[in-house]
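Visitor: My structure file input.txt, compact mmCIF, C-alpha atoms, is below:
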```txt
# COMPACT_ATOMS: atom_id res chain seq x y z
CA MET A 1 0.00 0.00 0.00
CA ALA A 2 1.36 3.40 -0.92
CA PRO A 3 2.11 5.59 2.07
CA ILE A 4 -0.45 8.30 2.72
CA ALA A 5 0.99 11.62 1.65
CA PRO A 6 1.17 14.30 4.34
CA ARG A 7 -1.45 16.95 3.78
CA SER A 8 -0.62 20.60 3.48
CA GLY A 9 -1.64 22.87 6.33
CA ASP A 10 -4.16 24.54 4.03
CA ALA A 11 -5.83 21.27 3.11
CA VAL A 12 -6.03 20.14 6.72
CA PHE A 13 -7.28 23.52 7.92
CA ALA A 14 -10.03 23.49 5.28
CA ASN A 15 -11.34 20.19 6.62
CA VAL A 16 -11.24 20.51 10.38
CA GLU A 17 -14.04 21.92 12.50
CA ARG A 18 -13.49 25.55 13.24
CA VAL A 19 -14.83 28.38 15.36
CA ASN A 20 -14.80 32.12 14.76
CA ALA A 21 -11.30 33.54 15.19
CA GLU A 22 -12.57 36.63 16.98
CA LEU A 23 -14.33 34.51 19.60
CA PHE A 24 -11.05 32.68 20.15
CA THR A 25 -9.06 35.91 20.35
CA LEU A 26 -11.46 37.48 22.83
CA THR A 27 -11.60 34.32 24.90
CA TYR A 28 -7.82 34.21 25.09
CA GLY A 29 -7.80 37.89 26.01
CA ALA A 30 -10.28 37.23 28.81
CA VAL A 31 -8.00 34.50 30.11
CA VAL A 32 -4.94 36.73 30.20
CA ARG A 33 -6.93 39.46 31.93
CA GLN A 34 -8.23 36.95 34.47
CA LEU A 35 -4.72 35.72 35.22
CA LEU A 36 -3.43 39.27 35.59
CA THR A 37 -6.19 39.97 38.13
CA ASP A 38 -5.74 36.72 40.05
CA LEU A 39 -1.96 36.46 40.07
CA GLU A 40 -0.86 40.11 40.06
CA GLU A 41 2.77 39.31 39.21
CA VAL A 42 3.41 39.47 35.45
CA GLU A 43 6.13 36.85 35.80
CA GLU A 44 3.61 34.44 37.34
CA VAL A 45 1.17 35.12 34.49
CA ASN A 46 3.89 34.25 31.97
CA LYS A 47 4.46 30.96 33.78
CA GLN A 48 0.78 30.09 33.94
CA LEU A 49 0.21 30.87 30.26
CA ASP A 50 3.14 28.63 29.39
CA GLN A 51 1.79 25.87 31.63
CA MET A 52 -1.70 26.19 30.11
CA GLY A 53 -0.12 25.96 26.67
CA TYR A 54 1.82 22.86 27.72
CA ASN A 55 -1.40 21.19 28.87
CA ILE A 56 -3.04 22.09 25.56
CA GLY A 57 -0.02 20.94 23.52
CA ILE A 58 0.18 17.48 25.03
CA ARG A 59 -3.39 16.87 23.83
CA LEU A 60 -3.34 18.85 20.60
CA ILE A 61 -0.56 16.63 19.25
CA ASP A 62 -3.09 13.79 18.93
CA GLU A 63 -5.35 15.87 16.73
CA PHE A 64 -2.31 16.95 14.75
CA LEU A 65 -1.08 13.41 14.10
CA ALA A 66 -4.60 12.14 13.36
CA LYS A 67 -5.54 14.85 10.88
CA SER A 68 -2.28 15.88 9.21
CA ASN A 69 -1.04 12.48 7.96
CA VAL A 70 2.43 13.67 8.86
CA SER A 71 4.65 10.68 9.56
CA ARG A 72 7.88 10.54 11.50
CA CYS A 73 10.18 13.49 10.73
CA VAL A 74 13.73 12.51 9.81
CA ASP A 75 15.33 15.21 11.94
CA PHE A 76 14.67 18.32 13.98
CA LYS A 77 14.94 20.48 10.86
CA GLU A 78 12.02 18.70 9.28
CA THR A 79 10.11 18.87 12.56
CA ALA A 80 10.49 22.64 12.70
CA GLU A 81 9.28 23.01 9.11
CA VAL A 82 6.24 20.84 9.83
CA ILE A 83 5.34 22.92 12.91
CA ALA A 84 5.69 26.14 10.93
CA LYS A 85 3.92 25.10 7.75
CA VAL A 86 1.39 22.50 8.87
CA GLY A 87 0.91 22.95 12.62
CA PHE A 88 0.42 26.72 12.77
CA LYS A 89 -1.74 26.65 9.66
CA MET A 90 -3.88 23.80 10.91
CA PHE A 91 -4.65 25.35 14.27
CA LEU A 92 -4.43 29.11 13.86
CA GLY A 93 -4.90 29.46 10.12
CA VAL A 94 -1.55 31.25 9.64
CA SER A 95 1.86 29.87 8.82
CA ALA A 96 5.29 30.66 10.19
CA SER A 97 8.74 30.73 8.65
CA VAL A 98 11.80 28.96 9.99
CA THR A 99 15.16 30.75 10.16
CA ASN A 100 18.28 31.32 12.23
CA TRP A 101 19.44 27.69 12.35
CA ASP A 102 22.51 27.05 14.44
CA ALA A 103 25.39 24.99 13.03
CA ASP A 104 24.32 21.63 14.43
CA GLY A 105 20.65 21.95 13.49
CA THR A 106 19.22 21.87 17.00
CA CYS A 107 18.12 25.46 17.41
CA CYS A 108 16.04 27.70 15.14
CA SER A 109 13.53 30.52 15.11
CA LEU A 110 9.87 30.38 14.12
CA ILE A 111 8.71 33.73 12.80
CA LEU A 112 5.07 34.72 12.72
CA GLU A 113 4.02 37.80 10.85
CA ASP A 114 0.32 37.29 11.36
CA ASN A 115 -0.88 36.29 14.81
CA PRO A 116 -4.60 35.93 15.52
CA LEU A 117 -4.01 35.92 19.29
CA VAL A 118 -3.19 39.61 19.36
CA ASP A 119 -5.97 41.21 17.30
CA PHE A 120 -7.30 44.25 19.21
CA VAL A 121 -4.66 43.85 21.92
CA GLU A 122 -2.75 46.74 23.40
CA LEU A 123 -0.76 46.26 26.55
CA PRO A 124 -1.04 48.91 29.26
CA ASP A 125 2.15 50.18 30.85
CA THR A 126 1.50 48.07 33.92
CA CYS A 127 2.00 44.93 31.82
CA GLN A 128 5.59 45.48 30.77
CA GLY A 129 7.30 42.12 30.96
CA LEU A 130 4.20 40.20 29.97
CA TYR A 131 4.63 37.64 27.20
CA TYR A 132 1.04 37.87 26.06
CA CYS A 133 1.31 34.95 23.63
CA ASN A 134 3.19 32.69 26.02
CA VAL A 135 0.56 30.01 25.56
CA LEU A 136 2.15 29.34 22.14
CA SER A 137 5.55 28.50 23.53
CA GLY A 138 3.89 26.09 25.96
CA VAL A 139 1.86 24.42 23.20
CA ILE A 140 4.99 23.76 21.12
CA ARG A 141 6.94 22.47 24.12
CA GLY A 142 4.07 20.19 25.20
CA ALA A 143 3.37 18.83 21.73
CA LEU A 144 7.04 18.07 21.03
CA GLU A 145 7.47 16.38 24.38
CA MET A 146 4.80 13.88 23.36
CA VAL A 147 6.88 12.92 20.36
CA SER A 148 10.00 12.45 22.48
CA MET A 149 11.62 15.84 22.02
CA LYS A 150 12.52 17.92 25.05
CA THR A 151 12.73 21.54 23.99
CA GLU A 152 13.13 25.01 25.40
CA VAL A 153 10.94 27.61 23.70
CA THR A 154 11.50 31.32 24.32
CA TRP A 155 10.46 34.64 22.82
CA VAL A 156 13.07 36.62 20.92
CA ARG A 157 10.79 39.24 19.36
CA ASP A 158 7.25 40.30 20.25
CA MET A 159 5.30 42.94 18.33
CA LEU A 160 3.34 43.85 21.47
CA ARG A 161 6.70 44.92 22.87
CA GLY A 162 7.48 47.00 19.83
CA ASP A 163 9.41 44.48 17.74
CA ASP A 164 8.75 43.99 14.05
CA ALA A 165 7.62 40.34 14.21
CA TYR A 166 6.87 37.47 16.59
CA GLU A 167 9.94 35.28 16.88
CA LEU A 168 10.07 32.12 18.97
CA LYS A 169 13.39 30.39 19.53
CA VAL A 170 13.01 26.62 19.71
CA LYS A 171 15.99 24.75 21.09
CA LEU A 172 16.15 20.96 21.09
CA LEU A 173 17.57 19.90 24.46
CA LYS A 174 17.26 16.15 24.25
CA GLN A 175 15.74 13.64 21.92
CA VAL A 176 14.57 10.59 23.80
CA PRO A 177 14.84 7.56 21.55
CA GLU A 178 11.52 5.79 21.32
CA GLU A 179 11.65 2.29 22.71
CA TYR A 180 10.26 -0.56 20.72
CA PRO A 181 9.00 -3.75 22.30
CA TYR A 182 11.45 -5.76 20.19
CA LYS A 183 14.97 -5.33 18.87
CA ASP A 184 15.73 -4.95 15.19
CA ASP A 185 17.95 -8.02 15.11
CA GLU A 186 15.55 -10.35 16.84
CA MET B 1 -30.99 52.04 -2.04
CA ALA B 2 -32.39 48.62 -1.21
CA PRO B 3 -31.70 47.53 2.37
CA ILE B 4 -28.93 44.98 2.78
CA ALA B 5 -30.48 41.59 3.49
CA PRO B 6 -29.37 39.89 6.68
CA ARG B 7 -27.03 37.01 5.99
CA SER B 8 -27.70 33.49 7.23
CA GLY B 9 -25.45 32.14 9.98
CA ASP B 10 -23.98 29.66 7.52
CA ALA B 11 -23.06 32.35 5.02
CA VAL B 12 -21.48 34.52 7.68
CA PHE B 13 -19.61 31.62 9.25
CA ALA B 14 -18.19 30.62 5.86
CA ASN B 15 -16.68 34.08 5.44
CA VAL B 16 -15.21 34.96 8.82
CA GLU B 17 -11.70 34.11 9.93
CA ARG B 18 -11.63 30.95 11.94
CA VAL B 19 -9.38 28.84 14.10
CA ASN B 20 -9.38 25.10 14.75
CA ALA B 21 -12.29 24.11 17.01
CA GLU B 22 -10.19 21.66 18.98
CA LEU B 23 -7.68 24.38 19.84
CA PHE B 24 -10.56 26.51 21.09
CA THR B 25 -12.07 23.64 23.09
CA LEU B 26 -8.76 22.76 24.70
CA THR B 27 -8.00 26.41 25.44
CA TYR B 28 -11.37 26.83 27.12
CA GLY B 29 -10.78 23.62 29.07
CA ALA B 30 -7.42 24.93 30.24
CA VAL B 31 -9.15 28.11 31.44
CA VAL B 32 -11.75 26.23 33.46
CA ARG B 33 -9.05 24.05 34.98
CA GLN B 34 -7.00 27.11 35.85
CA LEU B 35 -9.97 28.78 37.54
CA LEU B 36 -10.77 25.61 39.52
CA THR B 37 -7.19 25.54 40.77
CA ASP B 38 -7.03 29.24 41.59
CA LEU B 39 -10.47 29.78 43.09
CA GLU B 40 -11.24 26.39 44.64
CA GLU B 41 -14.97 27.15 45.16
CA VAL B 42 -17.05 25.87 42.23
CA GLU B 43 -19.56 28.66 42.80
CA GLU B 44 -16.79 31.24 42.33
CA VAL B 45 -15.68 29.55 39.12
CA ASN B 46 -19.25 29.76 37.79
CA LYS B 47 -19.24 33.49 38.56
CA GLN B 48 -15.89 34.10 36.91
CA LEU B 49 -16.82 32.18 33.77
CA ASP B 50 -19.99 34.24 33.52
CA GLN B 51 -18.03 37.45 34.02
CA MET B 52 -15.45 36.42 31.41
CA GLY B 53 -18.33 35.69 29.04
CA TYR B 54 -19.86 39.09 29.74
CA ASN B 55 -16.56 40.80 28.89
CA ILE B 56 -16.37 38.80 25.67
CA GLY B 57 -20.03 39.47 24.78
CA ILE B 58 -19.82 43.25 25.08
CA ARG B 59 -17.10 43.17 22.40
CA LEU B 60 -18.32 40.29 20.27
CA ILE B 61 -21.56 42.18 19.55
CA ASP B 62 -19.57 44.59 17.36
CA GLU B 63 -18.29 41.78 15.20
CA PHE B 64 -21.78 40.35 15.07
CA LEU B 65 -23.38 43.60 13.91
CA ALA B 66 -20.57 44.30 11.45
CA LYS B 67 -20.56 40.90 9.79
CA SER B 68 -24.13 39.63 9.99
CA ASN B 69 -26.00 42.53 8.35
CA VAL B 70 -28.72 41.94 10.91
CA SER B 71 -30.64 45.16 11.49
CA ARG B 72 -32.80 46.14 14.43
CA CYS B 73 -35.01 43.27 15.63
CA VAL B 74 -38.68 44.17 16.00
CA ASP B 75 -39.09 42.39 19.32
CA PHE B 76 -37.45 40.03 21.77
CA LYS B 77 -38.82 37.03 19.89
CA GLU B 78 -36.93 38.01 16.79
CA THR B 79 -33.84 38.76 18.87
CA ALA B 80 -33.89 35.24 20.33
CA GLU B 81 -34.21 33.69 16.87
CA VAL B 82 -31.31 35.73 15.58
CA ILE B 83 -29.09 34.68 18.49
CA ALA B 84 -30.01 31.03 17.94
CA LYS B 85 -29.75 30.88 14.17
CA VAL B 86 -27.17 33.52 13.28
CA GLY B 87 -25.19 34.23 16.45
CA PHE B 88 -24.42 30.68 17.55
CA LYS B 89 -23.75 29.61 13.98
CA MET B 90 -21.49 32.55 13.28
CA PHE B 91 -19.29 32.08 16.33
CA LEU B 92 -19.40 28.41 17.25
CA GLY B 93 -20.48 26.85 13.97
CA VAL B 94 -23.61 25.26 15.49
CA SER B 95 -27.14 26.56 15.73
CA ALA B 96 -29.64 26.48 18.57
CA SER B 97 -33.41 26.18 18.66
CA VAL B 98 -35.77 28.50 20.52
CA THR B 99 -38.65 27.09 22.58
CA ASN B 100 -40.61 27.44 25.82
CA TRP B 101 -41.84 30.98 25.25
CA ASP B 102 -43.83 32.46 28.09
CA ALA B 103 -47.16 34.15 27.41
CA ASP B 104 -45.83 37.71 27.12
CA GLY B 105 -42.86 36.87 24.91
CA THR B 106 -40.15 37.95 27.35
CA CYS B 107 -38.71 34.57 28.36
CA CYS B 108 -37.61 31.60 26.26
CA SER B 109 -35.15 28.74 26.10
CA LEU B 110 -32.24 28.29 23.71
CA ILE B 111 -31.50 24.62 23.16
CA LEU B 112 -28.14 23.41 21.93
CA GLU B 113 -27.75 19.83 20.85
CA ASP B 114 -24.22 20.21 19.62
CA ASN B 115 -21.76 22.13 21.77
CA PRO B 116 -18.11 22.44 20.75
CA LEU B 117 -17.11 23.67 24.22
CA VAL B 118 -17.59 20.24 25.77
CA ASP B 119 -15.79 17.90 23.38
CA PHE B 120 -13.59 15.51 25.42
CA VAL B 121 -14.91 16.93 28.71
CA GLU B 122 -15.89 14.77 31.65
CA LEU B 123 -16.42 16.36 35.03
CA PRO B 124 -14.89 14.67 38.05
CA ASP B 125 -17.10 14.18 41.13
CA THR B 126 -15.37 17.10 42.83
CA CYS B 127 -16.88 19.47 40.24
CA GLN B 128 -20.55 18.87 40.96
CA GLY B 129 -22.23 22.23 40.79
CA LEU B 130 -19.95 23.55 38.07
CA TYR B 131 -21.63 25.12 35.07
CA TYR B 132 -18.81 24.30 32.70
CA CYS B 133 -20.27 26.33 29.82
CA ASN B 134 -21.15 29.35 31.92
CA VAL B 135 -19.11 31.56 29.60
CA LEU B 136 -22.00 31.23 27.11
CA SER B 137 -24.60 32.73 29.43
CA GLY B 138 -22.25 35.64 30.08
CA VAL B 139 -21.63 36.21 26.37
CA ILE B 140 -25.37 36.42 25.64
CA ARG B 141 -26.01 38.69 28.62
CA GLY B 142 -23.13 41.00 27.67
CA ALA B 143 -23.98 41.16 23.98
CA LEU B 144 -27.67 41.92 24.64
CA GLU B 145 -26.79 44.60 27.16
CA MET B 146 -24.94 46.46 24.42
CA VAL B 147 -28.14 46.59 22.37
CA SER B 148 -30.13 47.92 25.32
CA MET B 149 -31.59 44.67 26.66
CA LYS B 150 -31.01 43.71 30.27
CA THR B 151 -31.40 39.96 30.57
CA GLU B 152 -30.96 37.15 33.03
CA VAL B 153 -29.48 33.99 31.51
CA THR B 154 -29.50 30.71 33.44
CA TRP B 155 -28.93 27.02 32.75
CA VAL B 156 -31.96 24.73 32.82
CA ARG B 157 -30.35 21.61 31.37
CA ASP B 158 -26.70 20.62 31.01
CA MET B 159 -25.52 17.38 29.39
CA LEU B 160 -22.39 17.35 31.57
CA ARG B 161 -24.80 17.01 34.49
CA GLY B 162 -26.63 14.13 32.85
CA ASP B 163 -29.41 16.04 31.06
CA ASP B 164 -30.35 15.29 27.46
CA ALA B 165 -29.49 18.73 26.00
CA TYR B 166 -28.03 22.12 26.82
CA GLU B 167 -30.85 24.53 27.65
CA LEU B 168 -30.31 28.18 28.50
CA LYS B 169 -33.23 30.23 29.80
CA VAL B 170 -33.07 33.84 28.61
CA LYS B 171 -35.34 36.26 30.43
CA LEU B 172 -35.73 39.86 29.31
CA LEU B 173 -35.72 42.00 32.43
CA LYS B 174 -35.76 45.46 30.96
CA GLN B 175 -35.49 47.03 27.56
CA VAL B 176 -33.84 50.41 27.74
CA PRO B 177 -35.19 52.62 24.98
CA GLU B 178 -32.39 54.04 22.89
CA GLU B 179 -32.16 57.77 23.11
CA TYR B 180 -31.88 59.82 19.99
CA PRO B 181 -30.22 63.18 19.89
CA TYR B 182 -33.41 64.74 18.54
CA LYS B 183 -37.13 64.26 19.05
CA ASP B 184 -39.40 62.90 16.32
CA ASP B 185 -41.56 66.04 16.33
CA GLU B 186 -38.78 68.55 16.14
```
Take the structure in this file and express it as structure tokens.
Guide:
Amino acid sequence: MAPIAPRSGDAVFANVERVNAELFTLTYGAVVRQLLTDLEEVEEVNKQLDQMGYNIGIRLIDEFLAKSNVSRCVDFKETAEVIAKVGFKMFLGVSASVTNWDADGTCCSLILEDNPLVDFVELPDTCQGLYYCNVLSGVIRGALEMVSMKTEVTWVRDMLRGDDAYELKVKLLKQVPEEYPYKDDE
Amino acid sequence: MAPIAPRSGDAVFANVERVNAELFTLTYGAVVRQLLTDLEEVEEVNKQLDQMGYNIGIRLIDEFLAKSNVSRCVDFKETAEVIAKVGFKMFLGVSASVTNWDADGTCCSLILEDNPLVDFVELPDTCQGLYYCNVLSGVIRGALEMVSMKTEVTWVRDMLRGDDAYELKVKLLKQVPEEYPYKDDE
């Protein structure tokens, strides 16, 4: 049987159930506001958003694998491309670009020019230090952990802080080899 | 110029920007979990979800009016139908039915058979008393308040509590007449 070809992010996005982007954006905004009220410290809010994202990511990976027909990536470079071109498109309807690779191919940047999380958002002066979109870094970290990749995901640029794009640095810390119930030579 | 015809919920939904429904569902789930952890009391979580919904509703009404081409409803009965058939469809991709009208046309039920908020959700025994979807009642209350209708929105049935549908009772408390800057007889 011929292998099933991976589907482009556009094709997958066209076929999944969707909700109105503005409802999602406003809901996310309400969450951030709630956390700012409850936790007071911006640093704590950053942590909670990341943790929420992690919890989302470890479940979202199932939907991703089920709907995208993406099979095992040969290396971290391919993984990053798949996140940028299929993952972002499939869930948020936008795609990212991958740049700034280090020499050994374990660290790169994902750059988002369009970001539906931040429509209508302006940060007041009291929120300096907030990584408003920190849920995204958590989602990537959580999803990759479920496919045996320990990563560190941090913001390099953030348009809400005055930068010219959203740039997430994704660093592969450790790739846990998957264990099979039998050995190849058995 | 001929008046612009209101657009069906399907037509509007097909043309708005959207995100993956599972991402929305998991994000909402992460919010509820966060509130349960932070607030401990289920009753407080219900209140916060309603308040979050209210804050979303008072902004979502703008998108609704801008995209739906719905003009002024003649009465509360028409308003309820528009929420059920256009509003729910436009934001969540599902529609509701309207029943149980009282004699004077100021109280009815919106019944949802399909509800994207609750996919994959099961409530543990410790969450008895939680109205998981309470954000919805807040959204309706907030949105209607912005078009001069004070309402009370409460859950009658909830499938997560073992009922056979989701039923929201919407009661019109007060309709504030809009004030015009001039009088008709001037």
Visitor: Excluding Asp10 in chain A and any residue of its chain fewer than 5 positions from it, enumerate the residues within 8 Å of it, using only C-alpha atoms, and give them as a PyMOL selection string.
Guide: chain A and resi 86+89-90+93
Visitor: When distances are computed from only C-alpha atoms, which of A:Tyr54, A:Tyr28, A:Phe91, A:Phe76 shows the smallest separation from chain B?
Guide: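 Selected residue with least distance to chain B: A:Phe91.
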Visitor: Kindly assemble as CSV a list of the chain A residues that lie within 6 Å of chain B, each paired with its nearest atom pair and their distance in Å to one decimal, using only C-alpha atoms, sorted first by chain and then by ascending residue number.
Guide:
```
residue,atom,partner,partner_atom,distance
A:Glu17,CA,B:Ala21,CA,5.3
A:Arg18,CA,B:Ala21,CA,4.2
A:Val19,CA,B:Leu92,CA,4.9
A:Asn20,CA,B:Arg18,CA,4.4
A:Ala21,CA,B:Arg18,CA,4.2
A:Leu26,CA,B:Ile56,CA,5.8
A:Ala30,CA,B:Met52,CA,5.8
A:Met52,CA,B:Ala30,CA,5.9
A:Ile56,CA,B:Leu26,CA,5.8
A:Phe91,CA,B:Asn20,CA,4.8
A:Leu92,CA,B:Val19,CA,5.0
```
Visitor: Would you list the contacts of range 157-160 of chain A as a list in words, taking every protein, DNA or RNA residue within 10 Å and counting all atoms listed in the file, but skipping same-chain residues closer than 5 positions in sequence?
Guide: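 Everything that qualifies: Ile111, Leu112, Glu113, Asn115, Val118, Val121, Glu122, Leu123, Gln128, Leu130, Tyr131, Tyr132, Cys133, Ala165, Tyr166, Glu167, Leu168 and Lys169 of chain A.
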Visitor: When distances are computed from all atoms listed in the file, which of B:Trp155, B:Phe88, B:Ile61, B:Val98 shows the smallest separation from Gly129 in chain B?
Guide: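 Closest candidate: B:Trp155.
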Visitor: Taking (-32.8, 28.9, 17.6) in the file's own coordinates, collect the residues within 8 Å, counting all atoms listed in the file, and hand them back as a PyMOL selection string.
Guide: chain B and resi 80-85+95-99+110-111
